[in-house]
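Okay, so here's the structure we're looking at.
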Amino acid sequence: MRIGIVGAGTMAEAIIKGLLGKELCGPDKLVASAPREERRTFLQYEYGIRTVQSNLEAVAGASTVILCVKPQTVPTVLKELKDVLQEGQVLVSVAAGVSMSTLEQGSAHHAIIRAMPNMPCLVGEGMTVWATNEGVTEPQIDETRAIFGALGRQMQVSNESFLNMATSISGCGPAYLFLLMEAMTDAGVQIGLPRYMAHELVVQTVLGAARLAQESDRHPAALKNEVTSPGGTAAQALYHLEKGGLRSTLAEAVLAAYHRAQSLGKAEGDPR
Ligand SMILES: NC(=O)c1ccc[n+]([C@@H]2O[C@H](COP(=O)([O-])OP(=O)(O)OC[C@H]3O[C@@H](n4cnc5c(N)ncnc54)[C@H](OP(=O)(O)O)[C@@H]3O)[C@@H](O)[C@H]2O)c1
């Protein structure tokens, strides 16, 4: 396995750190390209991987090429990679909204995977949803499953349309939860908790609730009911959250993110 990463920003770093942390491969198997020297030096120093300015150099000899640039930069990079990718290489794009057909046409390559990972890949707790086109071979599917599996949980889907939906839930989800955590911490400070204490209470509560929801076979509503005694404190708080429209606001936010993912694809000349 040799992985070439094109565009070494935030998501690329999460993947690099996750892969090295889980020892799926050594730093000698990773090459990443980035336009800025400062960024290349940082990644080289921090993770011991090879970094290059040229995207073509990052791609050369890689079994898996991971495209980690912004959706708006994808067409420019695909022009560079057109007719460069070789038999045996698979192109994996993590760009939000950019469709399989755009990737196929832009790269003129036959083996393409479209994936939506998320930021917790940094700590091996990522969630990646991914789909392949028909040109991807079984060994390439196995390698991709191993890569995303090392970064957390992974889910292969047969229908590409799930990708924009995953973008609005798991791709953007960490941002929603960080906002919620910030708001809960501030609220704790408002009622008198020292900030360090409020922070630890919030982080461990979110972690614990997530693990409980994952390990229990019970619906989140049933778990919520167990925290809610009749006439009690949680019941009071939940009443105000519902009155404030938390549920419908969240539904609207997810819908807006989904529409944005769709429009990013269209902006790249995608006919959908
Ligand atoms: N961040 C997330 O949580 C997340 C989650 C899921 C998927 N994604 C997807 O991951 C992709 C990258 O997002 P990001 O948050 O990592 O963005 P980012 O931090 O801005 O990373 C993009 C990187 O690409 C580099 N770049 C710009 N032009 C380039 C070119 N022509 N060739 C090679 N590299 C180039 C940028 O360098 P400069 O900084 O020097 O411009 C930057 O290092 C996006 O498509 C996004 O949809 C992100």
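We name chains A, B, ... following the order of the structure tokens; residues begin at 1 in each chain, and ligands are numbered from 1 as shown.
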
>> Let me see if you get this right: every residue at most 6 Å from ligand 1, counting only C-alpha atoms and all ligand atoms, written as a PyMOL selection string.
In response: chain A and resi 6-12+33-36+68-71+73+77+94-96+116-119+171

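Taking range 86-182 of chain A and asking which residues DSSP calls strand (DSSP E or B) on the backbone, you get Val90, Leu91, Val92, Ser93, Ile112, Ile113, Arg114, Ala115, Met116, Gly126, Met127, Thr128, Val129, Trp130, Ala131, Thr132, Gly152, Arg153, Gln154, Met155 and Gln156 of chain A.
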
Generate the output file for the selected residues, N, CA and C atoms, as an mmCIF file, in the first residue's frame.
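Output file part-v5.cif follows:
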```
data_model
loop_
_atom_site.group_PDB
_atom_site.id
_atom_site.type_symbol
_atom_site.label_atom_id
_atom_site.label_comp_id
_atom_site.auth_asym_id
_atom_site.auth_seq_id
_atom_site.Cartn_x
_atom_site.Cartn_y
_atom_site.Cartn_z
ATOM 1 N N VAL A 90 -6.231 3.758 -7.757
ATOM 2 C CA VAL A 90 -7.622 4.150 -7.526
ATOM 3 C C VAL A 90 -7.636 5.583 -7.006
ATOM 4 N N LEU A 91 -8.556 6.376 -7.548
ATOM 5 C CA LEU A 91 -8.687 7.771 -7.116
ATOM 6 C C LEU A 91 -9.827 7.862 -6.108
ATOM 7 N N VAL A 92 -9.507 8.328 -4.903
ATOM 8 C CA VAL A 92 -10.525 8.467 -3.851
ATOM 9 C C VAL A 92 -10.719 9.957 -3.585
ATOM 10 N N SER A 93 -11.927 10.462 -3.838
ATOM 11 C CA SER A 93 -12.180 11.878 -3.569
ATOM 12 C C SER A 93 -12.988 12.022 -2.290
ATOM 13 N N ILE A 112 -12.748 4.892 -9.560
ATOM 14 C CA ILE A 112 -13.013 6.072 -8.721
ATOM 15 C C ILE A 112 -13.829 5.683 -7.490
ATOM 16 N N ILE A 113 -13.448 6.276 -6.363
ATOM 17 C CA ILE A 113 -14.235 6.120 -5.131
ATOM 18 C C ILE A 113 -14.578 7.510 -4.628
ATOM 19 N N ARG A 114 -15.837 7.692 -4.285
ATOM 20 C CA ARG A 114 -16.254 8.956 -3.673
ATOM 21 C C ARG A 114 -16.539 8.675 -2.207
ATOM 22 N N ALA A 115 -15.912 9.460 -1.324
ATOM 23 C CA ALA A 115 -16.033 9.176 0.108
ATOM 24 C C ALA A 115 -16.358 10.438 0.884
ATOM 25 N N MET A 116 -17.008 10.264 2.014
ATOM 26 C CA MET A 116 -17.244 11.374 2.937
ATOM 27 C C MET A 116 -16.785 10.961 4.333
ATOM 28 N N GLY A 126 -13.429 8.276 13.334
ATOM 29 C CA GLY A 126 -14.122 8.882 12.191
ATOM 30 C C GLY A 126 -15.314 8.064 11.730
ATOM 31 N N MET A 127 -16.111 8.671 10.870
ATOM 32 C CA MET A 127 -17.214 7.958 10.206
ATOM 33 C C MET A 127 -17.077 8.278 8.725
ATOM 34 N N THR A 128 -16.859 7.244 7.932
ATOM 35 C CA THR A 128 -16.703 7.459 6.490
ATOM 36 C C THR A 128 -17.737 6.659 5.722
ATOM 37 N N VAL A 129 -18.461 7.350 4.856
ATOM 38 C CA VAL A 129 -19.405 6.697 3.951
ATOM 39 C C VAL A 129 -18.773 6.757 2.563
ATOM 40 N N TRP A 130 -18.797 5.662 1.830
ATOM 41 C CA TRP A 130 -18.125 5.675 0.526
ATOM 42 C C TRP A 130 -18.811 4.784 -0.499
ATOM 43 N N ALA A 131 -18.626 5.195 -1.774
ATOM 44 C CA ALA A 131 -19.225 4.449 -2.888
ATOM 45 C C ALA A 131 -18.181 4.325 -3.997
ATOM 46 N N THR A 132 -18.262 3.241 -4.744
ATOM 47 C CA THR A 132 -17.288 3.038 -5.820
ATOM 48 C C THR A 132 -18.002 3.108 -7.175
ATOM 49 N N GLY A 152 -11.633 4.779 11.797
ATOM 50 C CA GLY A 152 -12.865 4.757 12.603
ATOM 51 C C GLY A 152 -13.828 3.757 11.994
ATOM 52 N N ARG A 153 -15.091 4.151 11.892
ATOM 53 C CA ARG A 153 -16.067 3.269 11.248
ATOM 54 C C ARG A 153 -16.210 3.654 9.788
ATOM 55 N N GLN A 154 -16.554 2.668 8.975
ATOM 56 C CA GLN A 154 -16.747 2.952 7.555
ATOM 57 C C GLN A 154 -17.983 2.219 7.073
ATOM 58 N N MET A 155 -18.630 2.790 6.066
ATOM 59 C CA MET A 155 -19.848 2.198 5.532
ATOM 60 C C MET A 155 -19.836 2.350 4.015
ATOM 61 N N GLN A 156 -19.755 1.218 3.322
ATOM 62 C CA GLN A 156 -19.805 1.277 1.857
ATOM 63 C C GLN A 156 -21.266 1.272 1.425
#
```

> With only C-alpha atoms as the basis for distance, which of A:Thr64, A:Val31, A:Gln236, A:Thr185 is at the shortest distance from Ile141 in chain A?
Replying inline: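 Between A:Thr64, A:Val31, A:Gln236, A:Thr185, the residue approaching Ile141 in chain A most closely is A:Thr64.
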
> What lies within 8 Å of Gly124 in chain A using only C-alpha atoms, ignoring chain neighbours under 4 positions off, as a list of chain:residue names?
Replying inline: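 Counting only C-alpha atoms, the residues come to A:Gly18, A:Gly21, A:Lys22, A:Pro120, A:Ala150, A:Leu151, A:Gly152.
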
>> Just to confirm, what's the straight-line distance from CA of Thr167 in chain A to CA of Glu215 in chain A in Å (one decimal)?
In response: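 Distance reported for this atom pair: 23.8 Å.
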
> A:Glu138, A:Ser168, A:Ala251, A:Asn225: which is nearest Leu238 in chain A, counting only C-alpha atoms?
Replying inline: A:Asn225

>> From the options A:Ala62, A:Ser229, A:Gln53, A:Gln262, which residue's atoms come nearest to Thr41 in chain A, counting only C-alpha atoms?
In response: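 Residue with the minimum atom-to-atom distance to Thr41 in chain A: A:Gln53.
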
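Compared by their closest atoms to Thr205 in chain A, and using only C-alpha atoms, the residues A:Leu180, A:Leu103, A:Ile15, A:Leu81 rank with A:Leu180 nearest.
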
> If you run DSSP on this backbone, which residues of range 30-268 of chain A come out as alpha helix (DSSP H), and could you give them as an MDAnalysis selection string?
Replying inline: chainID A and resid 37:47 55:59 74:81 100:107 138:150 162:166 173:190 195:215 220:227 233:243 246:267

Selected residues written out, C-alpha atoms, as a short mmCIF file (atom, residue, chain, number, x, y, z; two decimals), in the first residue's frame:
```
data_model
loop_
_atom_site.label_atom_id
_atom_site.label_comp_id
_atom_site.auth_asym_id
_atom_site.auth_seq_id
_atom_site.Cartn_x
_atom_site.Cartn_y
_atom_site.Cartn_z
CA GLU A 37 6.18 25.40 1.71
CA GLU A 38 5.30 26.23 5.31
CA ARG A 39 2.58 23.58 5.29
CA ARG A 40 4.83 20.99 3.67
CA THR A 41 7.56 21.58 6.26
CA PHE A 42 5.06 21.28 9.11
CA LEU A 43 3.65 17.94 7.91
CA GLN A 44 7.10 16.55 7.20
CA TYR A 45 8.32 17.54 10.65
CA GLU A 46 5.18 16.51 12.54
CA TYR A 47 4.50 13.13 10.87
CA ASN A 55 0.55 16.92 -7.33
CA LEU A 56 1.92 14.65 -10.05
CA GLU A 57 4.81 13.67 -7.80
CA ALA A 58 2.39 12.81 -4.98
CA VAL A 59 0.41 10.58 -7.32
CA VAL A 74 -11.24 19.83 -7.78
CA PRO A 75 -11.64 20.80 -11.50
CA THR A 76 -8.15 22.40 -11.58
CA VAL A 77 -6.55 19.36 -9.97
CA LEU A 78 -8.46 16.93 -12.18
CA LYS A 79 -7.11 18.74 -15.24
CA GLU A 80 -3.60 18.10 -13.92
CA LEU A 81 -4.31 14.44 -13.19
CA MET A 100 -18.74 10.45 -9.42
CA SER A 101 -19.50 11.54 -12.99
CA THR A 102 -17.55 14.81 -12.50
CA LEU A 103 -14.62 12.82 -11.11
CA GLU A 104 -14.78 10.26 -13.94
CA GLN A 105 -15.00 12.86 -16.69
CA GLY A 106 -12.41 15.17 -15.14
CA SER A 107 -9.78 12.51 -14.48
CA GLU A 138 -11.98 -6.10 -5.30
CA PRO A 139 -8.41 -5.58 -4.02
CA GLN A 140 -8.93 -1.80 -4.30
CA ILE A 141 -12.20 -2.11 -2.37
CA ASP A 142 -10.36 -4.09 0.32
CA GLU A 143 -7.59 -1.48 0.52
CA THR A 144 -10.11 1.36 0.79
CA ARG A 145 -12.05 -0.49 3.48
CA ALA A 146 -8.79 -0.99 5.39
CA ILE A 147 -7.89 2.71 5.09
CA PHE A 148 -11.25 4.04 6.26
CA GLY A 149 -11.61 1.23 8.79
CA ALA A 150 -8.34 2.33 10.39
CA PHE A 162 -26.25 8.80 0.08
CA LEU A 163 -22.99 10.78 -0.08
CA ASN A 164 -24.55 14.26 0.00
CA MET A 165 -26.84 13.07 2.81
CA ALA A 166 -23.86 11.74 4.77
CA GLY A 173 -21.94 16.76 12.28
CA PRO A 174 -18.82 17.41 14.36
CA ALA A 175 -19.33 21.15 13.77
CA TYR A 176 -22.90 20.96 15.10
CA LEU A 177 -21.73 19.08 18.17
CA PHE A 178 -18.80 21.42 18.83
CA LEU A 179 -21.25 24.35 18.73
CA LEU A 180 -23.52 22.52 21.16
CA MET A 181 -20.55 21.77 23.42
CA GLU A 182 -19.42 25.39 23.36
CA ALA A 183 -22.94 26.56 24.20
CA MET A 184 -23.28 24.07 27.07
CA THR A 185 -19.89 25.08 28.46
CA ASP A 186 -20.81 28.78 28.31
CA ALA A 187 -24.11 28.02 30.01
CA GLY A 188 -22.22 26.17 32.75
CA VAL A 189 -19.98 29.20 33.24
CA GLN A 190 -23.05 31.43 33.35
CA ARG A 195 -14.64 27.08 32.73
CA TYR A 196 -12.18 24.16 32.99
CA MET A 197 -14.76 22.22 34.98
CA ALA A 198 -17.65 23.06 32.64
CA HIS A 199 -15.48 21.97 29.70
CA GLU A 200 -14.61 18.59 31.23
CA LEU A 201 -18.20 17.94 32.29
CA VAL A 202 -19.47 18.69 28.79
CA VAL A 203 -16.85 16.67 26.87
CA GLN A 204 -17.21 13.57 29.06
CA THR A 205 -21.02 13.83 28.97
CA VAL A 206 -21.07 13.95 25.15
CA LEU A 207 -18.57 11.08 24.95
CA GLY A 208 -20.50 9.00 27.49
CA ALA A 209 -23.88 9.65 25.86
CA ALA A 210 -22.46 8.73 22.43
CA ARG A 211 -20.94 5.50 23.74
CA LEU A 212 -24.14 4.58 25.55
CA ALA A 213 -26.18 5.19 22.39
CA GLN A 214 -23.69 3.12 20.38
CA GLU A 215 -23.39 0.20 22.78
CA PRO A 220 -32.17 7.53 21.83
CA ALA A 221 -35.69 8.58 22.87
CA ALA A 222 -35.83 5.67 25.37
CA LEU A 223 -32.40 6.64 26.74
CA LYS A 224 -33.55 10.27 27.01
CA ASN A 225 -36.65 9.16 28.93
CA GLU A 226 -34.43 7.41 31.50
CA VAL A 227 -32.67 10.70 32.29
CA THR A 233 -34.59 18.99 36.23
CA ALA A 234 -34.03 17.36 32.81
CA ALA A 235 -37.78 17.62 32.08
CA GLN A 236 -37.60 21.37 32.68
CA ALA A 237 -34.56 21.75 30.44
CA LEU A 238 -36.03 19.60 27.65
CA TYR A 239 -39.23 21.66 27.69
CA HIS A 240 -37.18 24.80 27.00
CA LEU A 241 -35.09 23.12 24.28
CA GLU A 242 -38.26 22.00 22.47
CA LYS A 243 -39.91 25.40 22.99
CA LEU A 246 -34.01 22.78 18.77
CA ARG A 247 -35.48 19.82 16.88
CA SER A 248 -36.83 21.81 13.91
CA THR A 249 -33.77 24.09 13.82
CA LEU A 250 -31.56 21.00 13.56
CA ALA A 251 -33.73 19.55 10.80
CA GLU A 252 -33.49 22.84 8.86
CA ALA A 253 -29.72 22.98 9.40
CA VAL A 254 -29.22 19.45 8.06
CA LEU A 255 -31.45 20.23 5.05
CA ALA A 256 -29.45 23.42 4.34
CA ALA A 257 -26.16 21.48 4.48
CA TYR A 258 -27.61 18.82 2.15
CA HIS A 259 -28.72 21.48 -0.35
CA ARG A 260 -25.31 23.13 -0.13
CA ALA A 261 -23.59 19.82 -0.90
CA GLN A 262 -25.85 19.41 -3.93
CA SER A 263 -25.12 22.94 -5.14
CA LEU A 264 -21.35 22.42 -4.75
CA GLY A 265 -21.69 19.52 -7.18
CA LYS A 266 -23.71 21.63 -9.61
CA ALA A 267 -21.19 24.47 -9.43
#
```

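The gap separating CA of Ile49 in chain A from CA of Gly26 in chain A is 8.5 Å, in Å to one decimal.
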
> What is the CA of Arg50 in chain A-CA of Gly4 in chain A distance in Å, reported with one decimal?
Replying inline: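 Between CA of Arg50 in chain A and CA of Gly4 in chain A the gap works out to 9.8 Å.
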
>> Could you check the closest approach to Lys17 in chain A for each of A:Val123, A:Val98, A:Cys172, A:Leu193 and tell me which residue wins, using only C-alpha atoms?
In response: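 Distance minimum relative to Lys17 in chain A lands on A:Val123.
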
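Residues in contact range of Cys25 in chain A, defined as at most 9 Å between only C-alpha atoms, with sequence neighbours fewer than 4 positions away removed, read Met1, Arg2, Leu19, Leu20, Lys29 and Leu30 of chain A.
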